[in-house]
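These notes are about the structure you will find just below.
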Amino acid sequence: RWPASMQPAKQCLIMGGAGGCSTLHTDMLGWTGWNLLLAGSKHWKFFPPVEEVGEAFDAEVREMGGQFHLGFSCTSPIDMYHTVNGEPCPERVPDPRCGRPSFAPDARRYPAAAGVEPLVEVMQGPNELIIFPAHYFHQTYHYEPTIAIACQMLNKGCLDRVLNQILNFRCGGHASLPLGFWGRPEEEQMKFVLGLVADKLWPGRGHSYLEEDD
């Protein structure tokens, strides 16, 4: 179990207006993300992670907030929905019932980004749940007013990625890991790495702090 004081918000309420869109971004720590749409409809685009497209997306690293600053996310200034069916920033929102619209960035301003093809595009409707690898760049476009609940979760599929981001970003790499670390039970791995982070705030007392927080 993730220590209570280090847990992110359990759920987030996300609302969007017709024709609005999110930023192009990755999520903090690269956990597994989920998004449940309660009302409206929106379009998702998923792109490769920052290691592959960060330069083309002019990506900026944003440090995770809170007391511990465990990791980061990446945000891009580029809008991959800038052009709709060949028209830049149209006033009218396209109707997906008339056929899937074609979206693209401002190719003259961001030619490198225009060459990056989405890995997956999907339209999400009411009561549909999307689960995705949050370290991949993603951006959404709202066809109409929307309400959604979103959150992230830590599981075996993303544990190594999350712990490695914390180690590299917050702990200076893997030098502090004991031999055989990656063969230990997952809960022990998590507690050890988070203890290293807590030790930076309370030298020599980080692991005992986590025990008290459990």
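Naming scheme: A, B, ... for chains in displayed order of the structure tokens; residues 1 onward per chain; ligands 1 onward as shown.
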Near region 198-201 of chain A, counting only C-alpha atoms, which residues have an atom at most 12 Å away, once you skip same-chain residues fewer than 2 positions from it, shown as number ranges by chain? A: 3, 5-6, 67-70, 166, 170-172, 176, 191-196, 203-211, 213
Give me, as a tab-separated table, each residue of region 91-135 of chain A that comes within 10 Å of region 151-162 of chain A, together with its shortest interatomic pair and the distance in Å at one decimal, counting only C-alpha atoms, with rows ordered by chain and rising residue number.
residue	atom	partner	partner_atom	distance
A:Ile131	CA	A:Gln152	CA	9.2
A:Phe132	CA	A:Gln152	CA	9.4
A:Pro133	CA	A:Cys158	CA	8.1
A:Ala134	CA	A:Gln152	CA	8.1
A:His135	CA	A:Arg161	CA	9.0
The selected residues should be written to file as a JSON list (two decimals), in the first residue's frame (atoms: N, CA and C atoms).
[["chain", "number", "residue", "atom", "x", "y", "z"],
["A", 131, "ILE", "N", -8.57, 2.91, -19.90],
["A", 131, "ILE", "CA", -7.40, 2.62, -19.07],
["A", 131, "ILE", "C", -6.18, 2.71, -19.98],
["A", 132, "PHE", "N", -5.15, 3.43, -19.56],
["A", 132, "PHE", "CA", -4.04, 3.69, -20.47],
["A", 132, "PHE", "C", -2.72, 3.83, -19.72],
["A", 133, "PRO", "N", -1.60, 3.61, -20.43],
["A", 133, "PRO", "CA", -0.27, 3.84, -19.84],
["A", 133, "PRO", "C", 0.01, 5.34, -19.78],
["A", 134, "ALA", "N", 0.04, 5.90, -18.58],
["A", 134, "ALA", "CA", 0.04, 7.35, -18.43],
["A", 134, "ALA", "C", 1.38, 8.00, -18.77],
["A", 135, "HIS", "N", 2.43, 7.20, -19.03],
["A", 135, "HIS", "CA", 3.71, 7.80, -19.44],
["A", 135, "HIS", "C", 3.72, 8.08, -20.94]]
Residues within 8 Å of Leu129 (chain A), please, as a count of residues only. Count only C-alpha atoms; anything in the same chain fewer than 4 positions from it doesn't count. 5
Residues within 10 Å of Tyr143 (chain A), please, as a PyMOL selection string. Count only C-alpha atoms; anything in the same chain fewer than 4 positions from it doesn't count. chain A and resi 16-21+40-43+93-96+123
Next, dump the selected residues to file, keeping only N, CA and C atoms, as a tab-separated table (two decimals), in the first residue's frame.
chain	number	residue	atom	x	y	z
A	16	GLY	N	-15.15	19.62	-19.27
A	16	GLY	CA	-14.69	20.31	-20.47
A	16	GLY	C	-15.85	20.91	-21.24
A	17	GLY	N	-15.58	21.99	-21.94
A	17	GLY	CA	-16.60	22.63	-22.77
A	17	GLY	C	-16.50	22.19	-24.21
A	18	ALA	N	-17.55	22.37	-24.97
A	18	ALA	CA	-17.57	21.98	-26.38
A	18	ALA	C	-16.46	22.70	-27.14
A	19	GLY	N	-15.64	21.93	-27.85
A	19	GLY	CA	-14.54	22.49	-28.61
A	19	GLY	C	-13.28	22.71	-27.82
A	20	GLY	N	-13.33	22.45	-26.52
A	20	GLY	CA	-12.14	22.59	-25.68
A	20	GLY	C	-11.27	21.35	-25.74
A	21	CYS	N	-10.05	21.48	-25.28
A	21	CYS	CA	-9.16	20.31	-25.25
A	21	CYS	C	-8.20	20.43	-24.08
A	40	GLY	N	-21.36	13.42	-22.00
A	40	GLY	CA	-20.71	14.02	-23.17
A	40	GLY	C	-19.92	13.01	-23.98
A	41	SER	N	-19.08	13.53	-24.86
A	41	SER	CA	-18.23	12.68	-25.69
A	41	SER	C	-16.94	13.41	-25.99
A	42	LYS	N	-15.85	12.66	-26.06
A	42	LYS	CA	-14.57	13.29	-26.37
A	42	LYS	C	-13.67	12.35	-27.15
A	43	HIS	N	-12.68	12.95	-27.77
A	43	HIS	CA	-11.75	12.27	-28.67
A	43	HIS	C	-10.40	12.19	-27.97
A	93	VAL	N	-17.90	23.30	-33.72
A	93	VAL	CA	-17.39	22.00	-33.28
A	93	VAL	C	-17.88	20.93	-34.25
A	94	PRO	N	-17.01	20.03	-34.72
A	94	PRO	CA	-17.45	19.00	-35.66
A	94	PRO	C	-18.38	18.00	-34.99
A	95	ASP	N	-19.26	17.44	-35.78
A	95	ASP	CA	-20.19	16.42	-35.30
A	95	ASP	C	-19.64	15.05	-35.69
A	96	PRO	N	-19.17	14.25	-34.73
A	96	PRO	CA	-18.58	12.95	-35.07
A	96	PRO	C	-19.57	11.96	-35.67
A	123	MET	N	-12.73	7.48	-29.72
A	123	MET	CA	-13.78	8.36	-29.25
A	123	MET	C	-14.42	7.72	-28.02
Give the answer as one residue: which of A:Gly173, A:Gly99, A:Pro118, A:Pro105 has the shortest atom-to-atom distance to Thr83 (chain A), using only C-alpha atoms?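 Comparing A:Gly173, A:Gly99, A:Pro118, A:Pro105 against Thr83 (chain A), the winner is A:Pro105.
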From a DSSP pass on the backbone, collect the residues of chain A flagged as strand (DSSP E or B) and hand them back as a ChimeraX atom specification. /A:12-16,21,24-25,32-39,42-49,60-63,72-76,83-84,87-88,103-104,120-124,129-133,136-142,146-153
Among A:His138, A:Arg184, A:Arg100, A:His82, Trp44 (chain A) is approached most closely, using only C-alpha atoms, by A:His138
